[in-house]
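Reproduced below: start09.txt, with compact mmCIF, C-alpha atoms and all ligand atoms.
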# COMPACT_ATOMS: atom_id res chain seq x y z
CA MET A 269 32.55 -25.99 0.85
CA ARG A 270 36.07 -25.71 2.14
CA ILE A 271 36.78 -26.40 5.82
CA ASP A 272 40.10 -25.81 7.59
CA VAL A 273 40.71 -27.00 11.14
CA VAL A 274 43.66 -25.84 13.23
CA SER A 275 44.63 -27.92 16.26
CA ILE A 276 47.64 -29.03 18.25
CA PHE A 277 46.20 -32.56 17.97
CA PRO A 278 45.50 -33.02 14.25
CA GLU A 279 45.12 -36.80 14.78
CA TYR A 280 42.04 -36.02 16.88
CA LEU A 281 40.24 -35.09 13.66
CA ALA A 282 40.87 -38.47 12.00
CA PRO A 283 37.19 -39.54 12.32
CA LEU A 284 36.39 -36.92 9.68
CA GLU A 285 37.88 -39.39 7.18
CA LEU A 286 35.10 -41.89 7.96
CA SER A 287 31.47 -42.45 7.08
CA LEU A 288 29.41 -39.81 5.27
CA ILE A 289 31.84 -36.93 5.84
CA GLY A 290 34.77 -39.07 4.66
CA LYS A 291 32.79 -40.05 1.57
CA ALA A 292 31.81 -36.43 0.92
CA ARG A 293 35.52 -35.55 0.95
CA GLN A 294 36.34 -38.40 -1.45
CA ASP A 295 33.50 -37.34 -3.75
CA GLY A 296 34.75 -33.75 -3.81
CA LEU A 297 31.63 -32.35 -2.09
CA LEU A 298 33.73 -31.10 0.80
CA GLU A 299 37.37 -30.06 0.96
CA LEU A 300 38.67 -30.49 4.49
CA ASN A 301 42.20 -29.64 5.62
CA VAL A 302 43.58 -30.19 9.11
CA HIS A 303 46.56 -28.02 10.17
CA ASP A 304 48.94 -28.56 13.06
CA LEU A 305 49.26 -25.27 14.96
CA ARG A 306 52.80 -26.20 16.00
CA THR A 307 54.01 -25.93 12.40
CA PHE A 308 53.35 -22.18 12.72
CA THR A 309 55.70 -21.72 15.70
CA THR A 310 59.27 -20.48 15.30
CA ASP A 311 61.05 -21.67 18.46
CA LYS A 312 62.80 -24.98 18.78
CA HIS A 313 60.27 -26.32 21.34
CA ARG A 314 57.36 -25.38 19.07
CA THR A 315 55.70 -23.58 21.99
CA VAL A 316 52.01 -22.72 21.67
CA ASP A 317 51.18 -21.68 25.26
CA ASP A 318 52.35 -19.40 28.04
CA THR A 319 51.30 -18.30 31.53
CA PRO A 320 48.25 -16.03 31.86
CA TYR A 321 48.67 -12.32 32.49
CA GLY A 322 47.08 -11.47 35.82
CA GLY A 323 47.98 -14.87 37.26
CA GLY A 324 45.75 -17.84 37.87
CA ALA A 325 45.73 -21.49 36.99
CA GLY A 326 46.49 -23.01 33.61
CA MET A 327 48.12 -21.79 30.42
CA VAL A 328 46.89 -19.62 27.55
CA MET A 329 47.51 -20.17 23.84
CA LYS A 330 49.99 -17.65 22.44
CA PRO A 331 48.65 -15.29 19.75
CA GLU A 332 51.39 -15.35 17.10
CA PRO A 333 51.17 -19.04 16.04
CA TRP A 334 47.43 -18.51 15.60
CA ALA A 335 47.92 -15.40 13.47
CA GLN A 336 50.46 -17.24 11.30
CA ALA A 337 48.14 -20.23 10.87
CA LEU A 338 45.07 -18.15 10.09
CA GLU A 339 46.91 -15.89 7.66
CA SER A 340 48.22 -18.91 5.81
CA ILE A 341 44.74 -20.47 5.59
CA ALA A 342 43.13 -17.21 4.51
CA ALA A 343 45.74 -16.82 1.77
CA ALA A 344 45.32 -20.43 0.58
CA GLY A 345 41.54 -20.03 0.56
CA GLY A 346 41.81 -16.95 -1.66
CA ALA A 347 40.93 -14.44 1.07
CA ASP A 348 42.80 -11.16 1.15
CA THR A 349 44.27 -10.99 4.66
CA GLU A 350 45.25 -7.34 4.18
CA GLY A 351 41.62 -6.38 3.68
CA GLY A 352 42.23 -5.17 0.12
CA SER A 353 40.00 -5.56 -2.88
CA HIS A 354 41.22 -8.71 -4.62
CA GLY A 355 39.97 -11.41 -2.20
CA PRO A 356 36.52 -12.99 -2.24
CA THR A 357 33.74 -10.56 -1.39
CA LYS A 358 32.60 -12.62 1.58
CA LYS A 359 34.94 -13.21 4.52
CA PRO A 360 35.43 -16.84 5.55
CA VAL A 361 33.80 -17.70 8.87
CA LEU A 362 36.20 -18.40 11.74
CA ILE A 363 34.49 -20.64 14.29
CA VAL A 364 36.12 -20.60 17.70
CA PRO A 365 34.73 -23.43 19.84
CA SER A 366 34.31 -22.17 23.40
CA PRO A 367 32.08 -22.94 26.37
CA ALA A 368 31.69 -19.16 26.52
CA GLY A 369 30.31 -19.00 22.97
CA GLU A 370 26.83 -18.79 21.47
CA ARG A 371 25.13 -22.21 21.70
CA PHE A 372 25.50 -24.23 18.47
CA ASN A 373 22.20 -25.64 17.20
CA GLN A 374 20.50 -26.93 14.05
CA ALA A 375 19.53 -23.44 12.87
CA LEU A 376 23.19 -22.39 13.04
CA ALA A 377 24.24 -25.60 11.28
CA CYS A 378 21.85 -24.71 8.42
CA GLU A 379 23.15 -21.13 8.30
CA LEU A 380 26.81 -22.24 8.27
CA ALA A 381 26.13 -24.90 5.61
CA GLU A 382 25.54 -21.97 3.19
CA GLU A 383 29.09 -20.62 3.65
CA GLU A 384 31.90 -21.15 1.16
CA GLN A 385 34.69 -21.50 3.72
CA LEU A 386 34.70 -22.34 7.42
CA VAL A 387 37.81 -22.26 9.58
CA PHE A 388 37.80 -23.89 13.03
CA ALA A 389 40.31 -22.83 15.70
CA CYS A 390 40.61 -25.55 18.35
CA GLY A 391 41.58 -24.06 21.69
CA ARG A 392 43.31 -26.01 24.47
CA TYR A 393 44.41 -25.15 28.00
CA GLU A 394 42.49 -22.05 29.22
CA GLY A 395 41.79 -20.99 25.64
CA ILE A 396 43.32 -18.64 23.04
CA ASP A 397 44.67 -15.14 23.76
CA GLU A 398 41.61 -12.90 23.26
CA ARG A 399 43.47 -10.54 20.92
CA VAL A 400 43.52 -13.27 18.26
CA MET A 401 39.74 -13.03 17.91
CA GLU A 402 39.89 -9.20 17.76
CA TRP A 403 42.64 -9.29 15.11
CA ALA A 404 40.94 -12.07 13.14
CA ALA A 405 37.75 -10.03 12.83
CA GLY A 406 39.57 -8.00 10.17
CA HIS A 407 39.86 -11.06 7.95
CA PHE A 408 37.12 -13.44 9.06
CA THR A 409 33.60 -13.34 10.43
CA VAL A 410 34.40 -14.60 13.92
CA ARG A 411 31.84 -16.85 15.64
CA PRO A 412 32.63 -18.19 19.13
CA LEU A 413 30.35 -21.26 19.40
CA SER A 414 29.63 -23.62 22.28
CA LEU A 415 28.62 -27.23 21.98
CA GLY A 416 26.73 -27.02 25.27
CA ASP A 417 26.92 -25.88 28.86
CA TYR A 418 29.85 -28.03 29.96
CA VAL A 419 33.62 -27.80 29.63
CA LEU A 420 35.66 -30.03 27.32
CA ASN A 421 39.46 -30.31 27.33
CA GLY A 422 39.78 -28.89 23.83
CA GLY A 423 37.87 -27.70 20.79
CA GLU A 424 38.45 -30.86 18.73
CA VAL A 425 35.39 -32.78 19.96
CA ALA A 426 33.25 -29.71 19.35
CA VAL A 427 34.64 -29.46 15.81
CA LEU A 428 33.86 -33.12 15.11
CA ALA A 429 30.25 -32.51 16.14
CA MET A 430 29.86 -29.22 14.30
CA VAL A 431 31.51 -30.40 11.06
CA GLU A 432 29.28 -33.47 11.03
CA ALA A 433 26.13 -31.43 11.69
CA ILE A 434 27.03 -28.87 9.01
CA GLY A 435 28.57 -31.30 6.50
CA ARG A 436 25.54 -33.59 6.35
CA LEU A 437 23.45 -30.61 5.20
CA LEU A 438 25.60 -30.03 2.11
CA PRO A 439 23.88 -31.08 -1.12
CA GLY A 440 24.62 -34.72 -2.01
CA VAL A 441 26.15 -35.73 1.34
CA VAL A 442 23.09 -37.55 2.72
CA GLY A 443 21.65 -39.96 0.14
CA ASN A 444 17.97 -39.19 0.74
CA PRO A 445 17.52 -35.44 1.46
CA GLU A 446 14.02 -36.15 2.81
CA SER A 447 15.58 -37.72 5.89
CA LEU A 448 17.00 -34.27 6.76
CA VAL A 449 13.55 -32.69 6.65
CA GLU A 450 11.92 -35.09 9.12
CA GLU A 451 14.63 -35.00 11.77
CA SER A 452 14.64 -33.63 15.29
CA HIS A 453 15.04 -29.83 15.38
CA SER A 454 14.30 -29.37 11.65
CA ASP A 455 10.83 -28.02 12.50
CA GLY A 456 11.36 -26.96 16.11
CA LEU A 457 10.23 -30.35 17.45
CA LEU A 458 11.94 -33.62 18.39
CA GLU A 459 11.55 -36.56 16.06
CA TYR A 460 8.90 -39.24 16.64
CA PRO A 461 10.00 -42.71 17.85
CA VAL A 462 11.08 -45.15 15.15
CA TYR A 463 10.80 -48.95 14.91
CA THR A 464 11.95 -51.74 12.61
CA LYS A 465 11.40 -55.49 12.22
CA PRO A 466 10.43 -57.71 13.97
CA SER A 467 7.03 -56.22 14.86
CA SER A 468 7.02 -58.21 18.11
CA TRP A 469 10.26 -58.24 20.10
CA ARG A 470 10.76 -59.42 23.70
CA ASP A 471 7.05 -58.95 24.46
CA ARG A 472 7.08 -55.45 23.05
CA GLU A 473 4.88 -54.58 20.07
CA VAL A 474 5.35 -51.93 17.42
CA PRO A 475 2.43 -49.42 17.68
CA ALA A 476 -0.41 -50.92 15.62
CA VAL A 477 -0.96 -47.76 13.56
CA LEU A 478 2.48 -48.20 11.95
CA LEU A 479 1.39 -51.60 10.59
CA SER A 480 -1.98 -50.29 9.34
CA GLY A 481 -0.83 -49.07 5.92
CA ASN A 482 -2.96 -45.95 6.48
CA HIS A 483 -0.48 -43.20 5.60
CA GLY A 484 -2.70 -40.37 6.81
CA LYS A 485 -3.10 -41.94 10.23
CA ILE A 486 0.61 -42.79 10.41
CA ALA A 487 1.54 -39.18 9.62
CA GLN A 488 -0.84 -37.88 12.28
CA TRP A 489 0.41 -40.39 14.88
CA ARG A 490 4.00 -39.42 14.18
CA ARG A 491 3.23 -35.73 14.45
CA HIS A 492 1.44 -36.15 17.75
CA GLU A 493 4.29 -38.30 19.06
CA GLN A 494 6.58 -35.40 18.17
CA PHE A 495 4.39 -33.11 20.28
CA ARG A 496 4.35 -35.58 23.19
CA ARG A 497 8.07 -36.25 23.14
CA THR A 498 8.96 -32.56 22.88
CA ALA A 499 6.58 -31.67 25.74
CA GLU A 500 8.11 -34.40 27.91
CA ARG A 501 11.78 -33.94 27.11
CA ARG A 502 12.26 -30.39 25.81
CA PRO A 503 9.35 -28.15 26.83
CA ASP A 504 11.68 -25.17 26.26
CA LEU A 505 11.42 -25.83 22.50
CA LEU A 506 7.64 -25.42 22.63
CA GLU A 507 8.02 -21.86 23.94
CA GLU A 508 9.52 -20.92 20.55
CA PHE A 509 7.24 -23.14 18.44
CA ASP A 510 5.07 -21.36 15.85
CA ALA A 511 1.58 -22.66 16.65
CA GLY A 512 -0.26 -20.17 14.44
CA ASN A 513 -1.15 -22.66 11.69
CA LEU A 514 -1.90 -25.77 13.74
CA SER A 515 -4.83 -27.89 12.57
CA ARG A 516 -7.76 -28.57 14.86
CA ALA A 517 -6.42 -32.12 15.49
CA ASP A 518 -2.97 -30.73 16.36
CA ARG A 519 -4.48 -28.22 18.78
CA ALA A 520 -6.48 -31.01 20.39
CA ALA A 521 -3.31 -33.10 20.74
CA PHE A 522 -1.54 -30.21 22.43
CA GLY A 523 -4.63 -29.68 24.57
CA GLU A 524 -4.26 -33.23 25.90
CA LEU A 525 -0.66 -32.43 26.76
CA GLY A 526 -1.79 -29.40 28.78
CA TYR A 527 -1.13 -26.65 26.22
CA ASP A 528 -3.42 -23.98 24.75
CA VAL A 529 -2.69 -21.87 21.69
CA VAL A 530 -2.70 -18.14 22.56
CA ASP A 531 -1.76 -15.54 19.92
CA GLY A 532 -0.04 -18.19 17.77
CA ARG A 533 2.08 -19.48 20.67
CA LEU A 534 1.73 -22.50 22.91
CA ARG A 535 0.95 -21.64 26.53
CA ARG A 536 1.12 -24.28 29.22
CA ARG A 537 -2.05 -24.33 31.31
CA PRO A 538 -1.17 -23.67 34.96
CA ASP A 539 -2.95 -26.89 35.98
CA GLY A 540 -1.90 -28.75 32.83
CA GLY A 541 -0.02 -31.99 33.34
CA LEU A 542 1.05 -34.70 30.95
CA PRO A 543 -1.55 -37.47 30.68
CA ASP A 544 -0.61 -40.70 32.46
N1 LIG B 1 38.76 -21.60 30.44
C1 LIG B 1 37.76 -21.81 29.44
C2 LIG B 1 36.41 -21.33 29.97
O1 LIG B 1 36.13 -21.54 31.15
O2 LIG B 1 35.62 -20.77 29.18
C3 LIG B 1 37.65 -23.29 29.11
C4 LIG B 1 38.82 -23.79 28.35
S1 LIG B 1 38.62 -25.46 27.86
C5 LIG B 1 39.41 -26.33 29.13
C6 LIG B 1 39.73 -25.62 26.51
C7 LIG B 1 39.11 -25.51 25.16
O3 LIG B 1 38.13 -26.51 25.01
C8 LIG B 1 38.38 -24.23 24.83
O4 LIG B 1 39.27 -23.22 24.43
C9 LIG B 1 37.48 -24.66 23.70
O5 LIG B 1 38.19 -24.71 22.49
C10 LIG B 1 37.15 -26.09 24.07
N2 LIG B 1 35.83 -26.24 24.73
C11 LIG B 1 35.61 -26.58 26.01
N3 LIG B 1 34.31 -26.65 26.27
C12 LIG B 1 33.67 -26.39 25.12
C13 LIG B 1 32.30 -26.31 24.75
N4 LIG B 1 31.31 -26.52 25.61
N5 LIG B 1 32.00 -26.01 23.47
C14 LIG B 1 32.98 -25.78 22.57
N6 LIG B 1 34.30 -25.84 22.87
C15 LIG B 1 34.65 -26.14 24.12

Since I need it in another form, could you write the structure as structure tokens?
Ligand code: SAM
Amino acid sequence: MRIDVVSIFPEYLAPLELSLIGKARQDGLLELNVHDLRTFTTDKHRTVDDTPYGGGAGMVMKPEPWAQALESIAAAGGADTEGGSHGPTKKPVLIVPSPAGERFNQALACELAEEEQLVFACGRYEGIDERVMEWAAGHFTVRPLSLGDYVLNGGEVAVLAMVEAIGRLLPGVVGNPESLVEESHSDGLLEYPVYTKPSSWRDREVPAVLLSGNHGKIAQWRRHEQFRRTAERRPDLLEEFDAGNLSRADRAAFGELGYDVVDGRLRRRPDGGLPD
């Protein structure tokens, strides 16, 4: 995969040289280029922002430096920015971090991990002139994506999070691919609690089942802890959970948490509460 990030603070992306993503870059599993938007300006002050039409607080990012930057990236990536026939058949995906975007999640990370080229446009100030996204749609598949329902100062932190979530799904990046399968959100549930040595620590014991060596019981305990944790912390996830193929034991575990299975979906009993 090739990733290009455009920002007025390229140094902000330095953490992408570290840890698993840094190693993936060194190993050639991921090509990642960071571009300074200011190098695509033409005035002596390297201006990237201006006052908003219609008035109001703050500044807006000017369109032309963005068009120059994106055209240059599209050309370097092999895309045909004129929309002709000699570029790759699939447009690169242009991700525009924005609190007004679709919410980024694990399913989107999986979908984006299948792409050949991702380009991230880090906004600052009040954001990027809207016409950039309209124009870019001719050359890229444009995806405005939000990290969550809060406002950051710029897109860089969102890019760090998204690149890490997407990059770790690329083949070979995480040493043991099984660890990706068992994680929170991989199956619509949160992960079970985890423990390590010592088994007794500050008067707190590791749950006995984990020391039993009985792999069947351990698997069932973990699964039911996933149910409990998701019901407690993220009941919204259970509304989407496919409960059609739950075993009798799983249904009973959900029953104790106050849920019935109706038409393949979990329904919270009106009187259902979490057990003490
Ligand atoms: N005026 C914009 C609004 O209310 O939608 C917020 C602009 S914000 C101060 C500046 C930049 O930070 C945005 O252009 C975007 O790149 C980034 N940003 C802020 N919050 C974000 C979020 N929740 N997810 C992704 N990017 C975000």

Expected selection as number ranges by chain for ligand LIG 1 (chain B) within 9 Å, only C-alpha atoms and all ligand atoms
A: 326, 328-329, 364-369, 371-372, 389-396, 412-427

Within 10 Å of Tyr463 in chain A, counting only C-alpha atoms, which residues qualify if same-chain residues fewer than 4 places away don't, as a list in words?
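My reading of the contact set: Ser467, Glu473, Val474, Pro475 and Leu478 of chain A.
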
Could you list, as a CSV table (one decimal) with C-alpha atoms, keeping the file's coordinate frame, every residue within 8 Å of Ile434 in chain A, counting only C-alpha atoms and ignoring same-chain residues fewer than 3 positions away?
chain,number,residue,atom,x,y,z
A,377,ALA,CA,24.2,-25.6,11.3
A,378,CYS,CA,21.8,-24.7,8.4
A,380,LEU,CA,26.8,-22.2,8.3
A,381,ALA,CA,26.1,-24.9,5.6
A,430,MET,CA,29.9,-29.2,14.3
A,431,VAL,CA,31.5,-30.4,11.1
A,437,LEU,CA,23.4,-30.6,5.2
A,438,LEU,CA,25.6,-30.0,2.1

Could you check how far CA of Leu458 in chain A sits from CA of Pro538 in chain A, in Å to one decimal?
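Those two atoms sit 23.4 Å apart.
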
To one decimal place in Å, what is the distance between CA of Ala511 in chain A and CA of Leu534 in chain A?
6.3 Å

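Residue nearest Gly456 in chain A within the list A:Pro278, A:Pro333, A:Pro503, A:Gly323: A:Pro503 [criterion: smallest interatomic distance, all atoms listed in the file].
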
What does the distance from CA of Val462 in chain A to CA of His483 in chain A come to in Å, to one decimal?
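One can read the CA of Val462 in chain A to CA of His483 in chain A distance as 15.1 Å.
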
For the point (39.2, -27.3, 12.2) in file coordinates, what residues are within 12 Å, counting only C-alpha atoms? Give the answer as a ChimeraX atom specification?
/A:270-282,284,299-305,337-338,341,361-365,385-391,422-432

Which neighbours of Leu457 in chain A fall inside 8 Å, counting all atoms listed in the file, when residues of the same chain fewer than 6 positions from it are skipped, and could you give them as a list in words?
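That gives Gln494, Phe495, Thr498, Leu505, Leu506 and Phe509 of chain A.
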
Nearest residue to Glu493 in chain A out of A:Glu332, A:Glu459, A:Glu339, A:Asp531, using only C-alpha atoms?
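For Glu493 in chain A, the nearest of the given residues is A:Glu459.
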
Within 12 Å of Arg519 in chain A using only C-alpha atoms, minus same-chain residues under 2 positions, as a PyMOL selection string:
chain A and resi 491-492+495+511-517+521-530+532-535

Using only C-alpha atoms, which protein or nucleic acid residues come within 6 Å of Asp397 in chain A? Drop anything in the same chain fewer than 2 positions from it, and give the result as a ChimeraX atom specification.
/A:329,331,399-400
